[in-house]
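A short write-up of the structure that comes next.
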Amino acid sequence: MSEIRLQGVSKRFGTTEAVKSLDLTVGNGKFVVLLGPTGAGKTTTLRLVAGLEQPDAGQVHIAGQDVTAAPPAARDVAFVFQQYSLYPHLSVFDNLAFPLKSPSRRMPADQIKKRVEEVAELLRITSKLANKATKLSGGEMQRVAIGRALVRQPSVYLMDEPLSSLDAKLRADLRLELKRIQQSLGATVLYVTHDQIEAMTMATEVGVLREGELIQVGTPRQIYEEPGDVYVATRLGVPRINLLAASTLPHLAAPAETATIGVRTEHVRLERQPVNGMLRGQLTRIERLGDQSHLHLDVAGQKMVLLADPHEDRKPGDTLGIELTRPLFFDAGGRRLRGS
Amino acid sequence: MAEIRVQNLHKTFGDFVAVKDSSLTVSHGEFFVMLGPSGCGKTTTLRMIAGLEMPTSGQISLGGEDVTFLRARERDIAFVFQLFALYPHMTVRQNIAFPLKCQGMDRNEQNSRAEATAKLLRIDSLIDQPVSRLSGGDRQRVALGRAIVREPKAFLMDEPLGALDAEFRQIMCHELRALHDRVNATTVYVTHDQLEAMSMADKIAVMNLGVVEQFGAPQEIYDRPATMFVADFVGSPPMNFLRFSSALAPGDEAVRLNGAAVPIPRVSEGRAESPLVLGVRPEHIRLADSGNLRARIFGAEYLGTTQIVTLDTEHGQVKARIPADAVARAGETVGLTFRTPQLSLFDAVTGRAIRNPGGAAHV
C-alpha cells in the first residue's frame, strides 16, 4: 500500500498562508492532479509531501506511516521537476543508473543494468541508452528525467509540471505516455499543474486549489459537469463557461436565489429563429478553427461564446435562438444551486 | 493600396536554402498568416519583406512599387517583434510618440497622434504612466501602438504573442484582429501556432522546408489540405492517416481497406495500384457497430466539451473526437464510420492530395 494522506496541513510564509488546513488522500495506484493558477499552493503542497518544507500544522502520511517530521531522504518518494536536470557529461544509461549508485544502496552492477534496461524499455528510449544526455531532444530528456524517478521504485511519485517546458505536440504525446506508464506500474502519483487539459486527460481525480484552499475534489467528469461553485466551473472547459447575469434573463426558469447562470459552450441547442422560451442571440463574430467554430454572440447585452459545426451556414448579424440544455445556477456568493 | 507581392523569392545562407522560389500575394486589407514549424522559412520571408534580409533572387513589391533592394527604413512598414522593447524610463505617451519624434514631426501633431493611438488600443487612461509600471498585456499594447502610430502601409509581426501565457494570448488574438479591422491595415503575421493562425487569418500560407505547401483560406486549408504535411500540421489532434494500397479508376466512390469498403468522395483521376493514404479528421469519425472498419479502443481522454478516443486499427492508430457523454471503454472492439464528403486521399509516395471533383485540392 502506497498511499498519501494529508490531514489539516497548513503552511505559512511570513504573512502569506500558502496552504490552508488541507485534507487530501491519494489512494494506492491513483493519479491525483492538483490544478490551480500560480500562487494557489500547488507546489508548496507537493514540497510538503516530499519533506522539502515542514508544515506549521497537520500531518503527512505516506504508505501508512506518519512522515511529518521525517527528512526527505527517509520518505521513499521520487520528485520530477519542471526543469529536467540531467548530467550533461553522462550517457542516458548513466543518468538513469545514477540514483541506484548511491553508496547507501549498494546495488550490484548487473541488477542496476537490468533495472535501467527495464525502465528504458517502458519509456521507449532503449535505442538512446548510449547517447550523451545533451544529444537528446527535449521530449527525450524529459523522459529520461521521469525515468530517473522510476528506477528507484519509490512508494509515491511527486511531479511538478513536468511537461510545461515542452512544445504542444510533444506535451500531447507525453501525456498519453505518462498515463500509460502510471497505469502499467500501478504507481501512486501526485501531480500539480495549471494546465486543465493535463488535469482532465490524466487524472483519476482532480483537486481544484484556490489561494491555498482545496475547493473541490472529484473525477474530471464530476468537476466539469458538477462544479460546486463558479470558480471551479471556470477552471475547466475551453472555451470557458459563459456566465450570464440572471437579472438580464428574467424569463428563464431558475431557482429563486440564482444570481449567475453558467452555460457551457456545448450545452445548448441552436435554432435559426428564437421560439418561445429560447434566448435570443445576435451573432457578432465567427471564429473558424477548422474542427469547430466559435460563435461570438451578444445575448441581452452580454457576450457569449458557443461551439458550432464549421459547415453550418451562418454569418455575423444573424439572430439565433438558444436553448440551454444543461444550465448551471449559482447564487450571489458563487455557490452552486441544485434541485432544479 | 498596400498589396504585398512576393515573386519567386529565394534565399540561401551558405549551403542552406531557407526560402525556395516562393510566390505569394497579400491583398490590401488582408490579415495574412505564414504558418510553419521552426526552420520552415517563415521568419526569413518576413524579414525579406521588411528589408532586414536581402533575397538571393526574386522580387518583392509593396503597393505596386518594387522594394526588393530598398533598405528597411525606406519601406513604409512597421515590424512588431516577439519581445517588445520599450524604453522603460519613458511614459506610454513618449514611447508611442518616439517614432514620430525621430521623423521630426511637430510636437502638437506628435501628441495628438499618440493620444489617438492610445485610444484605439484602449490604454488612453494610462498614457502618462511610466511603462515600467504596466502589466505585460498593456506593455504589448504600447509596443503595438509604437508600430501603429506611424500609420504604415503594412504591419509585419513575428510571433508577437509567443511570450504570453495561453489565456492572455487568446485575448490578444481577438484584440489584434479587431485592431487590424479598425485601422484597415494589411498585416503579415508569422506563427508556428496553428490555432492562432486559424482564428485570426483571412489567408494562410503553410510553409515547410522553405516551400509554401498551401496557400488559402483557413477553413479551405483545414478541409482540403493539399499535402500530408499540411494535414498533419493544421488541426489538433492532427488528421489521421490510414495507409493502404489500391488502384483507382475515375468514378470510384469507395476504397477497400483490408476488404472493408469505405465510401470516399468520387475519384476523378485513375491510377495504377499504389500506396495510398486515407486522411480522416478526428471529428469526422463515428464509433458505430455498423462500421466496416474494425478498431480496438486504446484509451479515452476526457476534455469536458468532447473526448478524444485513441483506437488501434490494422492501418495504424487513429484518434476520434466524439461527444463527451458517449461511452468508450478501453479494450472494446468497435466499428468506425467516416463523414464521407470530408475525407482526403493522398498519394503515399509524394504526400500530395489526390484531387476529386467535390473540392479540388489546390496549392
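Residues in the C-alpha cells are named by chain (A, B, ... in the order shown) and by number from 1 within that chain; ligands are numbered from 1 in the order shown.
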### Message
For region 66-82 of chain A, find every residue with an atom within 9 Å (counting only C-alpha atoms), except residues of its own chain fewer than 4 positions away, and show them as a count of residues only.
### Response
33
### Task
Pull out every residue of chain B that has at least one atom within 10 Å of chain A, counting only C-alpha atoms, and report them as a PyMOL selection string.
chain B and resi 166-167+170+174+193-201+218-223+233-238+281-284+299-308+310+321+323-325
Grab the residues selected above and save them as a compact mmCIF listing (two decimals), in the first residue's frame with N, CA and C atoms.
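Below you can see part29.txt, which holds the result:
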# COMPACT_ATOMS: atom_id res chain seq x y z
N ALA B 166 -1.20 31.22 -22.20
CA ALA B 166 -2.23 30.78 -23.13
C ALA B 166 -3.51 31.62 -23.06
N GLU B 167 -3.95 31.88 -21.86
CA GLU B 167 -5.22 32.57 -21.70
C GLU B 167 -5.13 33.99 -22.26
N GLN B 170 -4.96 34.27 -26.11
CA GLN B 170 -6.26 34.19 -26.78
C GLN B 170 -6.95 35.57 -26.82
N HIS B 174 -7.77 38.07 -30.31
CA HIS B 174 -9.01 38.76 -30.67
C HIS B 174 -8.76 40.25 -30.84
N ASP B 193 1.88 28.54 -34.38
CA ASP B 193 0.71 28.07 -33.64
C ASP B 193 -0.49 28.02 -34.58
N GLN B 194 -0.94 26.83 -34.91
CA GLN B 194 -1.99 26.70 -35.92
C GLN B 194 -3.31 27.27 -35.44
N LEU B 195 -3.55 27.23 -34.13
CA LEU B 195 -4.80 27.79 -33.62
C LEU B 195 -4.85 29.30 -33.80
N GLU B 196 -3.70 29.95 -33.50
CA GLU B 196 -3.59 31.39 -33.73
C GLU B 196 -3.88 31.70 -35.19
N ALA B 197 -3.27 30.93 -36.07
CA ALA B 197 -3.43 31.16 -37.50
C ALA B 197 -4.89 30.99 -37.90
N MET B 198 -5.50 29.90 -37.48
CA MET B 198 -6.88 29.62 -37.86
C MET B 198 -7.81 30.72 -37.36
N SER B 199 -7.60 31.18 -36.12
CA SER B 199 -8.57 32.09 -35.54
C SER B 199 -8.42 33.52 -36.07
N MET B 200 -7.23 33.90 -36.58
CA MET B 200 -7.04 35.30 -36.99
C MET B 200 -7.06 35.53 -38.48
N ALA B 201 -6.60 34.55 -39.26
CA ALA B 201 -6.24 34.83 -40.65
C ALA B 201 -7.42 34.93 -41.62
N PRO B 218 -8.44 29.77 -44.20
CA PRO B 218 -8.23 28.79 -43.13
C PRO B 218 -9.11 27.54 -43.25
N GLN B 219 -10.40 27.74 -43.46
CA GLN B 219 -11.28 26.57 -43.49
C GLN B 219 -10.98 25.68 -44.69
N GLU B 220 -10.57 26.30 -45.80
CA GLU B 220 -10.23 25.55 -47.00
C GLU B 220 -8.98 24.69 -46.74
N ILE B 221 -8.00 25.28 -46.06
CA ILE B 221 -6.78 24.55 -45.73
C ILE B 221 -7.09 23.40 -44.79
N TYR B 222 -7.99 23.66 -43.86
CA TYR B 222 -8.36 22.61 -42.91
C TYR B 222 -9.13 21.49 -43.60
N ASP B 223 -10.09 21.88 -44.44
CA ASP B 223 -10.97 20.89 -45.07
C ASP B 223 -10.31 20.15 -46.23
N PHE B 233 -0.08 19.27 -39.88
CA PHE B 233 0.32 20.46 -39.11
C PHE B 233 -0.87 21.27 -38.62
N VAL B 234 -1.95 21.25 -39.39
CA VAL B 234 -3.13 22.04 -39.04
C VAL B 234 -4.18 21.11 -38.45
N GLY B 235 -4.65 21.44 -37.26
CA GLY B 235 -5.63 20.59 -36.58
C GLY B 235 -5.02 19.92 -35.38
N SER B 236 -5.79 19.83 -34.31
CA SER B 236 -5.29 19.20 -33.09
C SER B 236 -6.41 18.42 -32.41
N PRO B 237 -6.29 17.10 -32.28
CA PRO B 237 -5.23 16.27 -32.84
C PRO B 237 -5.22 16.38 -34.36
N PRO B 238 -4.06 16.06 -34.99
CA PRO B 238 -3.96 16.20 -36.44
C PRO B 238 -4.82 15.19 -37.19
N ARG B 281 -10.17 13.49 -40.48
CA ARG B 281 -10.11 14.35 -39.30
C ARG B 281 -10.80 13.65 -38.12
N PRO B 282 -10.27 13.86 -36.88
CA PRO B 282 -10.83 13.15 -35.71
C PRO B 282 -12.33 13.37 -35.52
N GLU B 283 -12.82 14.58 -35.84
CA GLU B 283 -14.24 14.84 -35.60
C GLU B 283 -15.13 14.26 -36.69
N HIS B 284 -14.54 13.67 -37.73
CA HIS B 284 -15.34 13.06 -38.79
C HIS B 284 -15.42 11.54 -38.65
N GLY B 299 -7.70 3.94 -25.52
CA GLY B 299 -7.93 4.79 -24.35
C GLY B 299 -8.77 5.99 -24.73
N ALA B 300 -9.33 6.65 -23.72
CA ALA B 300 -10.14 7.84 -23.98
C ALA B 300 -9.64 8.97 -23.11
N GLU B 301 -9.54 10.17 -23.69
CA GLU B 301 -9.14 11.35 -22.93
C GLU B 301 -10.33 12.29 -22.84
N TYR B 302 -10.82 12.47 -21.65
CA TYR B 302 -11.98 13.32 -21.42
C TYR B 302 -11.57 14.78 -21.46
N LEU B 303 -12.27 15.58 -22.25
CA LEU B 303 -11.93 17.01 -22.34
C LEU B 303 -13.08 17.91 -21.93
N GLY B 304 -14.13 17.34 -21.38
CA GLY B 304 -15.26 18.17 -21.00
C GLY B 304 -16.20 18.41 -22.17
N THR B 305 -15.77 19.33 -23.07
CA THR B 305 -16.62 19.62 -24.23
C THR B 305 -16.75 18.40 -25.14
N THR B 306 -15.67 17.66 -25.29
CA THR B 306 -15.66 16.44 -26.11
C THR B 306 -14.73 15.44 -25.44
N GLN B 307 -14.54 14.28 -26.08
CA GLN B 307 -13.47 13.40 -25.65
C GLN B 307 -12.72 12.90 -26.87
N ILE B 308 -11.42 12.62 -26.66
CA ILE B 308 -10.60 12.08 -27.74
C ILE B 308 -10.39 10.60 -27.44
N THR B 310 -8.54 7.15 -28.58
CA THR B 310 -7.45 6.60 -29.37
C THR B 310 -7.79 5.15 -29.70
N ARG B 321 -12.65 12.31 -32.28
CA ARG B 321 -13.23 13.27 -31.33
C ARG B 321 -14.73 13.00 -31.29
N PRO B 323 -18.62 12.98 -28.83
CA PRO B 323 -19.26 13.69 -27.71
C PRO B 323 -18.80 13.15 -26.36
N ALA B 324 -18.73 14.05 -25.36
CA ALA B 324 -18.20 13.68 -24.05
C ALA B 324 -19.07 12.65 -23.34
N ASP B 325 -20.35 12.57 -23.70
CA ASP B 325 -21.22 11.63 -22.99
C ASP B 325 -21.30 10.26 -23.68
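Here CA of Gln140 (chain B) stands at a distance of 22.4 Å from CA of Arg73 (chain B).
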### Query
Taking into account only C-alpha atoms, which residue in the set B:Leu24, B:Leu336, B:Leu70, B:Ala154 is nearest to Gln214 (chain B)?
B:Leu24
### Task
Would you mind telling me which residue in B:Leu134, B:Ile60, B:Leu100, B:Val190 lies nearest to Ser38 (chain B) when using only C-alpha atoms?
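Going through B:Leu134, B:Ile60, B:Leu100, B:Val190 one by one, the smallest distance to Ser38 (chain B) is for B:Val190.
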### Query
region 47-277 of chain B: which residues are strand (DSSP E) by DSSP, as a PyMOL selection string?
chain B and resi 57-62+65-66+77-80+154-158+186-191+203-208+211-216+240-248+254-257+260-263+271-277
### Message
List as a PyMOL selection string the protein and nucleic acid residues near Glu323 (chain A), meaning an atom at most 10 Å away when only C-alpha atoms are counted, but skip any in the same chain fewer than 4 places from it.
### Response
chain A and resi 267-271+274-280+327
Atoms kept (N, CA and C atoms) for selection, written as a PDB file, in the first residue's frame:
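What follows is the written file selection.pdb:
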ATOM      1  N   HIS A 267     -23.423  23.117 -24.243  1.00  0.00           N
ATOM      2  CA  HIS A 267     -24.698  22.706 -23.649  1.00  0.00           C
ATOM      3  C   HIS A 267     -25.857  23.600 -24.101  1.00  0.00           C
ATOM      4  N   VAL A 268     -25.999  23.691 -25.419  1.00  0.00           N
ATOM      5  CA  VAL A 268     -27.070  24.500 -25.995  1.00  0.00           C
ATOM      6  C   VAL A 268     -27.600  23.807 -27.251  1.00  0.00           C
ATOM      7  N   ARG A 269     -28.802  24.190 -27.622  1.00  0.00           N
ATOM      8  CA  ARG A 269     -29.341  23.785 -28.921  1.00  0.00           C
ATOM      9  C   ARG A 269     -29.652  25.087 -29.646  1.00  0.00           C
ATOM     10  N   LEU A 270     -29.172  25.196 -30.893  1.00  0.00           N
ATOM     11  CA  LEU A 270     -29.339  26.450 -31.622  1.00  0.00           C
ATOM     12  C   LEU A 270     -30.410  26.317 -32.691  1.00  0.00           C
ATOM     13  N   GLU A 271     -31.200  27.360 -32.824  1.00  0.00           N
ATOM     14  CA  GLU A 271     -32.239  27.413 -33.852  1.00  0.00           C
ATOM     15  C   GLU A 271     -32.025  28.663 -34.689  1.00  0.00           C
ATOM     16  N   PRO A 274     -35.417  32.410 -32.798  1.00  0.00           N
ATOM     17  CA  PRO A 274     -35.809  32.110 -31.425  1.00  0.00           C
ATOM     18  C   PRO A 274     -37.300  31.762 -31.364  1.00  0.00           C
ATOM     19  N   VAL A 275     -37.622  30.634 -30.754  1.00  0.00           N
ATOM     20  CA  VAL A 275     -39.018  30.329 -30.493  1.00  0.00           C
ATOM     21  C   VAL A 275     -39.231  30.459 -28.988  1.00  0.00           C
ATOM     22  N   ASN A 276     -40.482  30.296 -28.550  1.00  0.00           N
ATOM     23  CA  ASN A 276     -40.797  30.614 -27.155  1.00  0.00           C
ATOM     24  C   ASN A 276     -39.854  29.947 -26.145  1.00  0.00           C
ATOM     25  N   GLY A 277     -39.449  30.711 -25.169  1.00  0.00           N
ATOM     26  CA  GLY A 277     -38.604  30.204 -24.101  1.00  0.00           C
ATOM     27  C   GLY A 277     -37.123  30.229 -24.424  1.00  0.00           C
ATOM     28  N   MET A 278     -36.772  30.491 -25.683  1.00  0.00           N
ATOM     29  CA  MET A 278     -35.356  30.499 -26.056  1.00  0.00           C
ATOM     30  C   MET A 278     -34.741  31.870 -25.825  1.00  0.00           C
ATOM     31  N   LEU A 279     -33.403  31.854 -25.585  1.00  0.00           N
ATOM     32  CA  LEU A 279     -32.691  33.122 -25.534  1.00  0.00           C
ATOM     33  C   LEU A 279     -32.485  33.602 -26.968  1.00  0.00           C
ATOM     34  N   ARG A 280     -32.386  34.923 -27.106  1.00  0.00           N
ATOM     35  CA  ARG A 280     -32.139  35.493 -28.421  1.00  0.00           C
ATOM     36  C   ARG A 280     -30.696  35.981 -28.443  1.00  0.00           C
ATOM     37  N   PRO A 327     -28.137  24.129 -18.038  1.00  0.00           N
ATOM     38  CA  PRO A 327     -27.644  25.327 -17.355  1.00  0.00           C
ATOM     39  C   PRO A 327     -27.217  25.016 -15.921  1.00  0.00           C
TER      40      PRO A 327
END
### Message
Set the distance at 12 Å and use only C-alpha atoms: which residues neighbour Leu343 (chain B) once local chain neighbours fewer than 3 positions away are removed? I'd like the list as JSON, numbers by chain.
### Response
{"B": [222, 223, 224, 225, 231, 239, 240, 241, 242, 253, 254, 255, 262, 263, 264, 265, 266, 267, 277, 278, 279, 280, 281, 282, 283, 284, 285, 337, 338, 339, 340, 346, 353, 354, 355, 356, 358, 359, 361]}
